[in-house]
Amino acid sequence: MAQNTATADNFDTVIRAEYERTDIGDAKLEDVQRKLPLSETLWNSSAFRKTLILLALAIIWQIYGVWLDNPMIFPTLTDTLGALWANIVNGTIPTRLIATLKVLVVGYVIGVILATIFTTIAVSSRIGTDLLSTLTAMFNPLPAIALLPLALLWFGLGTPSLVFVIVNSVLWAVALNMHTGFLTVSDTMRMAGQTFGLRGMRYVVQLLIPAAFPAILAGLKIGWAFAWRTLIAAELVFGVSSGQGGLGWFIFENRNLLDTPAVFAGLLTVMSVGLFVEGVIFRFIENRTVRKWGMQRG
Amino acid sequence: MAQNTATADNFDTVIRAEYERTDIGDAKLEDVQRKLPLSETLWNSSAFRKTLILLALAIIWQIYGVWLDNPMIFPTLTDTLGALWANIVNGTIPTRLIATLKVLVVGYVIGVILATIFTTIAVSSRIGTDLLSTLTAMFNPLPAIALLPLALLWFGLGTPSLVFVIVNSVLWAVALNMHTGFLTVSDTMRMAGQTFGLRGMRYVVQLLIPAAFPAILAGLKIGWAFAWRTLIAAELVFGVSSGQGGLGWFIFENRNLLDTPAVFAGLLTVMSVGLFVEGVIFRFIENRTVRKWGMQRG
Amino acid sequence: ASAEDVTIGTGYGIGFLPLHILDAKDLIEARAKEAGLDLTPTYQRISGSAAMQDAVISGSVDLGAYGVPAILIGWDKTRGKIVGVAGVNASPLTLLTNREGVTDLKGFAETDRIAMPSLVSPQMYALQKESEAEFGEGQQDKLRQQVVALPHPEALNSITAGATEVNSYFAAPPFTQIALKNPKVHAVIDSNKIWGGQSTFLAFAAKTDFLEENPKVADVVIAALDDAAKLIRENPEEAADIYLAAEPSKLMTKEDLVAFLRENADDFGPEVHGVQAYADFMARHGGLSKAPANWQEVFTSAALKGREGS
Amino acid sequence: MSYQDPTRLDSGITTGTAQSVAAPNSLLNINGVTLQYKTPEHLVTATYRVTFDIHTGDRFVLLGPSGCGKSTLLKSIAGFMPPVEGDIELKGRKVKRPGPDRAMVFQEFDQLLPWKTVRENVAFPLKVNGVSKDEADQRAMQMIEKVNLTKFLDVYPHMLSGGMKQRVAIARAMAMRPDVLLMDEPYAALDALTRRKMQDELLSLWEDLRFTLVFVTHSIEEAVLIGTRILVLSPHPGQVRAEINTHQFDSRNADSPEFAATCARIRGMLFGDAETAH
Amino acid sequence: MSYQDPTRLDSGITTGTAQSVAAPNSLLNINGVTLQYKTPEHLVTATYRVTFDIHTGDRFVLLGPSGCGKSTLLKSIAGFMPPVEGDIELKGRKVKRPGPDRAMVFQEFDQLLPWKTVRENVAFPLKVNGVSKDEADQRAMQMIEKVNLTKFLDVYPHMLSGGMKQRVAIARAMAMRPDVLLMDEPYAALDALTRRKMQDELLSLWEDLRFTLVFVTHSIEEAVLIGTRILVLSPHPGQVRAEINTHQFDSRNADSPEFAATCARIRGMLFGDAETAH
Ligand SMILES: Nc1ncnc2c1ncn2[C@@H]1O[C@H](COP(=O)(O)OP(=O)(O)OP(=O)(O)O)[C@@H](O)[C@H]1O
Ligand SMILES: Nc1ncnc2c1ncn2[C@@H]1O[C@H](COP(=O)(O)OP(=O)(O)OP(=O)(O)O)[C@@H](O)[C@H]1O
Ligand SMILES: [Mg+2]
Ligand SMILES: [Mg+2]
């Protein structure tokens with residue numbers, strides 16, 4: 001903050017003429033459209049920038065892989081892509097991926113629905129809030145492996161158990177973010193909703209959820225990532241029967257077979273799905289919601 | 001919305017007398033203090049309500065355990081508490097817990113610091129934003145097990161590797177929430193900060209971070225929980241030599257030895273730490289920050 | 001699960017070859033038909049012994065193959081509600097190292113790290129037994145601080161790449177054979193030497209409830225395992241093909257496998273070895289509350305009673 | 001404290017063209033209401049023992065200095081804040097919760113739902129209350145036209161200027177046709193012309209529908225023009241200073257000396273005698 | 001379009017007590033500035049080719065109907081929005097970014113930092129700019145006293161009423177003693193008395209410090225009272241309608257017929273001739 005240099009003494013007010021324009025026409029919008037140079041247009045595209053980043057990461061990978069020269073531990077990108085291609089062509093990765101995604105989506109959807117129910121209960125009463133925060137604090141830190149015996153007991157081996165652990169990993173993260181989102185909705189907006197007669201479920205669905213949408217989306221993204229993490233880990237523990245395994249099993253299998261490029265091909269698939277979900281699905285949702293509504297920048 | 005029943009025809013305006021009071025004294029605040037009955041005072045205490053919830057959960061556990069009668073899979077609460085007590089008295093759980101907490105706190109702190117750096121880069125340029133969202137989408141879904149070979153290669157066995165996987169689990173969740181929090185800070189508040197001359201790091205630290213604090217806190221909570229999850233799981237998968245094992249190792253060891261009550265005692269310890277961190281530490285932070293500032297209700 | 005479909009827990013490694021053969025050749029179905037049963041086994045791959053044990057206890061898997069010490073612990077902790085059914089594999093477990101000149105446990109320095117899959121694996125007890133033998137009574141845990149739990153692939157990578165402090169590895173086949181292809185790696189000792197003879201490494205375990213409800217299943221499985229062992233002995237080429245179909249390893253060629261199977265043909269079969277030795281050792285050091293009177297107390301099947309075993 | 005109960009005056013002197021009725025048709029009774037904000041460290045008393053009645057069809061104005069509790073009082077009437085002392089009755093029933101019979105325009109600019117366009121924002125409360133989609137849309141369109149935002153029908157609130165946001169909020173509340181319309185400084189963000197238009201719209205809507213209006217403003221002229229009765233509050237914490245009848249003024253006699261005299265009188269009350277001129 | 005360049009008039013007829021100077025000491029030059037908001041679906045032009053100059057020590061008022069782009073123009077001067085056409089120069093240098101030499105009071109109520117008390121909010125920008133803690137606190141206290149909030153010194157913004165929040169924002173901006181003070185309808189949420197006090201404070205502060213003031217208001221009286229020169233904007237998209245000198249008016253002659261005549265003249269410009277009375 002610059003101190004004002006002009007003091008009362010050293011400047012004089014210049015009295016300028018008044019004027020009035022009576023002839024202002026309509027503003028012509030085409031006059032002010034500017035064309036951007038191609039380079040800038042490209043740079044403005046987030047897809048282009050992300051492609052550049054991915055390329056850079058790929059080059060780093062390749063260089064590090066070649067330099068390390070230890071394909072058992074860290075194969076080069078080209079080796080990995082070779083293995084990826086081979087496993088895509090022979091149909092292994094596609095089938096495994098689909099198997100995994102099925103479980104993943106089911107678990108994720110159930111987790112999100114449960115999270116919504118929990119947070120709805122939590123916002124509608126104080127005891128509900130306490131229940132949610134207690135349960136979250138208790139179960140959120142529990143690893144899938146701790147739930148394994150119970151999952152086996154309740155659901156046996158196979159998909160239902162996997163779904164159960166995924167739900168556990170999604171539920172608390174999403175609920176926590178959702179609840180925080182709800183709690184930070186401004187009082188004015190809450191009050192506005194209530195004067196319309198919104199109450200109970202409608203209040204949550206038609207007011208709190210959209211108002212807390214940026215936080216909810218962040219929770220959904222985290223939940224999605226953790227569903228992946230858990231599933232890959234859980235498939236190892238729960239195993240598979242005759243060929244119905246998913247991508248996690250594929251990774252484990254190839255690790256046992258010491259086929260490191262195939263392991264990395266599996267991981268690359270996980271990453272690609274992550275990128276797809278983030279860059280296409282979530283991006284689409286964001287563009288249609290929080291960005292369009294001006295609730296989130298960027 | 002009730003339609004107005006009185007029409008212009010069927011009501012008459014009653015003209016009432018005017019009046020003016022010249023004698024309004026000072027408001028006496030003691031007049032309007034009300035004393036609440038004890039039951040209500042108790043119920044108003046969140047600690048009391050949470051204790052009730054925990055008691056209820058404990059009773060459900062005990063009943064289910066007795067009914068299930070399968071102590072190999074699900075021991076009763078009393079068995080578990082017995083094992084917990086025994087393992088506390090003989091010093092096992094305290095030493096293991098301390099070993100775990102040390103690693104956990106180190107990994108968590110590093111993860112949070114990295115998340116802050118990443119998000120600071122992300123908010124200061126578009127390419128930074130893209131970098132963060134790409135990296136998050138790629139690495140967030142990767143399970144600890146996938147990082148194992150690299151961790152071993154880079155950090156060797158033991159604590160540094162554990163810290164590495166914890167950092168991986170904390171970093172992305174916290175960064176994602178932090179970034180979303182930043183993006184949803186209102187334009188007016190941003191502009192206000194900028195007119196003060198806040199720029200760069202100071203802008204992030206003195207404006208964005210406090211303004212996004214509710215979302216950041218939610219991220220920190222999730223990050224904390226996932227650090228636990230990952231550590232417990234990682235201690236199982238990773239080469240921890242048995243001398244330096246933590247709580248995860250304790251759980252794993254006892255699971256192998258089929259000492260299920262001890263396993264549950266370990267899990268109960270995890271939960272208790274979770275409750276403590278949520279109910280005391282985070283609660284304390286919330287009370288001193290977002291709640292005090294009126295940025296979050298509840 | 002009813003007798004009609006029985007779930008069998010299996011895993012990765014040459015140790016599981018008999019189970020791969022049972023699956024590929026439908027041997028259990030065949031033996032069941034002979035016994036007048038209509039059995040459909042489902043083979044469920046599970047990654048580790050801890051998970052396998054949970055699966056058995058919770059009834060998700062009817063017959064699970066895992067390490068004998070873990071089975072003993074289960075038998076002990078459940079007071080006999082979990083029992084062994086039959087041996088699966090008795091291949092030797094080998095302690096490998098890439099440190100030159102190490103020929104016995106005394107040669108290990110304090111900084112050396114020994115990898116093995118878990119702390120209740122047969123490898124752990126073999127190491128303890130050998131420690132006791134070399135360092136004297138009460139010294140069984142001398143190297144325990146240096147043991148790290150690491151999955152086989154990472155352990156193998158560690159000692160062959162030599163990039164980490166893990167320079168020793170108590171391996172099981174086929175990882176033993178793969179590791180030994182590396183000139184830097186050599187064997188220190190193996191379990192046959194430690195226990196003074198063959199010892200079962202993998203065995204089937206089941207709940208007594210299941211065995212009582214399905215009294216014929218144990219016999220059927222034992223007979224089928226005999227068939228599998230016979231196939232391995234008589235036709236190692238076919239066995240190798242079955243193995244490679246189940247676990248298409250790039251590091252083990254068919255020739256390697258056939259050679260291995262020829263050399264170790266006796267490792268397969270339902271007979272159990274060294275159970276009593278494990279049990280006695282574990283009971284002595286507090287791993288079991290009491291040792292069984294004899295191995296038949298743990299492996300209860302009538303079909304095994306007449307056979308040799310230890 | 002010699003507190004002169006204003007209800008006792010009901011049967012007292014009346015001015016203007018009084019029509020005698022048997023029972024006072026009072027709609028809202030605010031009886032000795034004290035409102036407080038409790039925060040962990042502070043206890044802020046916003047209003048202290050405030051008593052007044054609003055009759056059906058009143059255009060009741062709350063007037064008082066910044067921070068005297070006008071917004072708080074309005075929120076309490078809307079049902080958001082239970083009084084710590086005294087009670088608020090609507091048609092003889094204690095006000096317990098907000099409802100669509102009391103539409104409210106808030107002072108803050110973030111009362112619009114950012115995820116709805118201007119049109120949707122105005123139509124939304126109608127739809128919530130069971131008005132058919134077509135009718136809701138049509139009523140919304142009408143009101144948006146009245147607040148001069150037809151050009152911005154399908155625009156999201158973040159693209160509007162401050163004054164435009166407040167106009168949407170006004171349109172929304174008026175489209176609800178509530179029994180009681182609560183407005184908290186609705187015109188503060190509007191320029192003189194827009195403000196005048198809005199005031200006229202409000203009055204003509206009132207002529208049509210004869211709802212009850214509770215209006216907070218800090219402009220004395222606006223208070224006298226809009227209100228039929230003005231409640232003057234003292235500074236923080238708000239206590240009742242006076243009630244004044246202004247039903248006799250409307251935009252046609254806003255230039256009259258009586259109008260100016262009433263304004264001056266209120267100004268005197270609020271600012272003390274030193275400040276009667278402007 | 002016969003656009004009459006206003007800068008050409010600089011050396012033309014001057015009214016009032018003109019003092020002849022060699023070069024116009026112009027501080028801020030707004031040259032043919034068009035401001036647009038780009039959203040994925042819309043392109044909103046807020047102002048269209050607006051040109052005007054502000055001299056050092058001016059109290060420059062932007063006046064125009066709701067939605068005509070006043071706030072946008074102010075944000076652009078503050079450095080938040082680069083013009084799509086034309087440019088804005090401060091002391092001959094293109095404005096590129098916001099800075100503490102241009103303090104701003106925003107129209108919205110959420111401009112205070114919720115995690116700082118009233119005192120901290122006011123002192124914060126000073127501390128950011130290297131003023132010592134003691135001096136910052138002292139200057140903050142002074143300004144808070146001037147806006148009459150000493151009682152609320154250690155209170156967090158969420159506990160303040162709308163008008164009180166705006167007063168804190170005003171105190172904050174004034175405590176910064178900037179070269180240029182940008183104020184967007186700062187007094188809209190204030191009651192008449194408080195408003196008058198604030199206006200007087202602003203003018204007396206200006207007498208002391210002679211900063212340059214750019215002031216948005218929708219009250220014509222306020223514009224004439226506060227401003228030395230008024231820029232009148234046409235409705236959306238905002239274009240320059242007129243510039244008017246009002247340096248001759250202050251609170252002492254606010255009752256004079258000239259004052260009223262100027263107000264009426266501006267009203268005529270804004271509302272058309274149909275609306276000259278009120
Ligand atoms: N959320 C809150 N927590 C604590 N105190 C509050 C809160 N909101 C308002 N107050 C206090 O209550 C008093 C009355 O506030 P209120 O908003 O009702 O004033 P107002 O008359 O509407 O003022 P204005 O004309 O400035 O809007 C003020 O002193 C304010 O400090
Ligand atoms: N964030 C935005 N995105 C798109 N359009 C906007 C945005 N903010 C304002 N506008 C548009 O720009 C125009 C000018 O807005 P601005 O806020 O500058 O008006 P104003 O003169 O300050 O009005 P008011 O007196 O009501 O505050 C309006 O038509 C508005 O719709
Ligand atoms: Mg208010
Ligand atoms: Mg504006």
# chains A, B, ... in the order shown; residues from 1 in each chain; ligands from 1
$ interface_residues --of "chain E" --to "chain B" --cutoff "12 Å" --atoms "only C-alpha atoms" --output "ChimeraX atom specification"
/E:71,74-81,97-118,121-130,154-160,169,172-173,175-178,180-182
$ calpha_fit_rmsd --fixed "chain A" --moving "chain B"
0.4 Å
$ residues_near_ligand --ligand "ligand 3" --cutoff "6 Å" --atoms "only C-alpha atoms and all ligand atoms" --output "PDB file with N, CA, C and O atoms, in the first residue's frame"
ATOM      1  N   LYS D  70     -33.229  -5.834  13.241  1.00  0.00           N
ATOM      2  CA  LYS D  70     -34.345  -5.930  12.295  1.00  0.00           C
ATOM      3  C   LYS D  70     -34.332  -7.280  11.576  1.00  0.00           C
ATOM      4  O   LYS D  70     -35.342  -7.985  11.509  1.00  0.00           O
ATOM      5  N   SER D  71     -33.174  -7.636  11.028  1.00  0.00           N
ATOM      6  CA  SER D  71     -33.083  -8.904  10.306  1.00  0.00           C
ATOM      7  C   SER D  71     -33.376 -10.067  11.239  1.00  0.00           C
ATOM      8  O   SER D  71     -34.060 -11.028  10.862  1.00  0.00           O
TER       9      SER D  71
ATOM     10  N   SER E 161     -24.366  -7.885  11.699  1.00  0.00           N
ATOM     11  CA  SER E 161     -25.481  -7.682  10.773  1.00  0.00           C
ATOM     12  C   SER E 161     -24.921  -7.232   9.426  1.00  0.00           C
ATOM     13  O   SER E 161     -23.746  -6.884   9.305  1.00  0.00           O
ATOM     14  N   GLY E 162     -25.785  -7.252   8.399  1.00  0.00           N
ATOM     15  CA  GLY E 162     -25.347  -6.879   7.062  1.00  0.00           C
ATOM     16  C   GLY E 162     -24.661  -5.525   7.017  1.00  0.00           C
ATOM     17  O   GLY E 162     -23.557  -5.377   6.498  1.00  0.00           O
TER      18      GLY E 162
END
$ atom_distance --atom1 "atom CA of Leu97 of chain A" --atom2 "atom CA of Pro75 of chain A"
21.7 Å
$ closest_residue --among "B:Asn168, B:Gln296, B:Leu135, B:Leu268" --to "ligand 1" --atoms "only C-alpha atoms and all ligand atoms"
B:Gln296
$ residues_around --residues "segment 112-114 of chain B" --least-positions-apart "3" --cutoff "7 Å" --atoms "only C-alpha atoms" --output "ChimeraX atom specification"
/B:108-109,117-118,170-171,174
$ residues_near_ligand --ligand "ligand 1" --cutoff "8 Å" --atoms "only C-alpha atoms and all ligand atoms" --output "ChimeraX atom specification"
/B:294 /D:36-39,42-47,64-74,107,184-185,217-218,236-238 /E:152,158-165,189-191
$ atom_distance --atom1 "atom CA of Gln128 of chain C" --atom2 "atom CA of Ile88 of chain B"
27.5 Å
$ select_by_dssp --residues "segment 9-213 of chain B" --states "strand (DSSP E or B)" --output "VMD selection string"
chain B and resid 19 to 20 70 74
$ write_last_selection --atoms "all heavy atoms" --output "CSV table (one decimal), in the first residue's frame"
chain,number,residue,atom,x,y,z
B,19,TYR,N,-48.0,5.4,19.1
B,19,TYR,CA,-47.5,5.6,20.4
B,19,TYR,C,-46.0,5.8,20.3
B,19,TYR,O,-45.3,5.3,19.3
B,19,TYR,CB,-47.8,4.5,21.4
B,19,TYR,CG,-47.2,3.2,21.1
B,19,TYR,CD1,-45.9,2.9,21.7
B,19,TYR,CD2,-47.8,2.3,20.3
B,19,TYR,CE1,-45.3,1.7,21.4
B,19,TYR,CE2,-47.2,1.1,20.0
B,19,TYR,CZ,-45.9,0.8,20.5
B,19,TYR,OH,-45.3,-0.4,20.2
B,20,GLU,N,-45.4,6.4,21.3
B,20,GLU,CA,-44.0,6.5,21.3
B,20,GLU,C,-43.5,6.3,22.8
B,20,GLU,O,-44.1,6.8,23.7
B,20,GLU,CB,-43.6,7.9,20.9
B,20,GLU,CG,-42.1,8.1,20.8
B,20,GLU,CD,-41.6,9.4,20.2
B,20,GLU,OE1,-42.5,10.1,19.7
B,20,GLU,OE2,-40.4,9.7,20.3
B,70,ASN,N,-19.0,-67.9,17.6
B,70,ASN,CA,-17.9,-68.4,16.8
B,70,ASN,C,-16.7,-67.6,17.1
B,70,ASN,O,-16.3,-66.7,16.3
B,70,ASN,CB,-18.3,-68.3,15.3
B,70,ASN,CG,-17.3,-69.0,14.4
B,70,ASN,OD1,-16.2,-69.3,14.8
B,70,ASN,ND2,-17.8,-69.3,13.2
B,74,PHE,N,-15.5,-64.1,15.3
B,74,PHE,CA,-16.0,-62.9,15.9
B,74,PHE,C,-16.2,-63.1,17.4
B,74,PHE,O,-17.2,-63.6,17.9
B,74,PHE,CB,-17.4,-62.6,15.3
B,74,PHE,CG,-17.9,-61.2,15.5
B,74,PHE,CD1,-17.4,-60.1,14.8
B,74,PHE,CD2,-18.7,-60.9,16.6
B,74,PHE,CE1,-17.8,-58.8,15.0
B,74,PHE,CE2,-19.2,-59.6,16.8
B,74,PHE,CZ,-18.7,-58.6,16.0
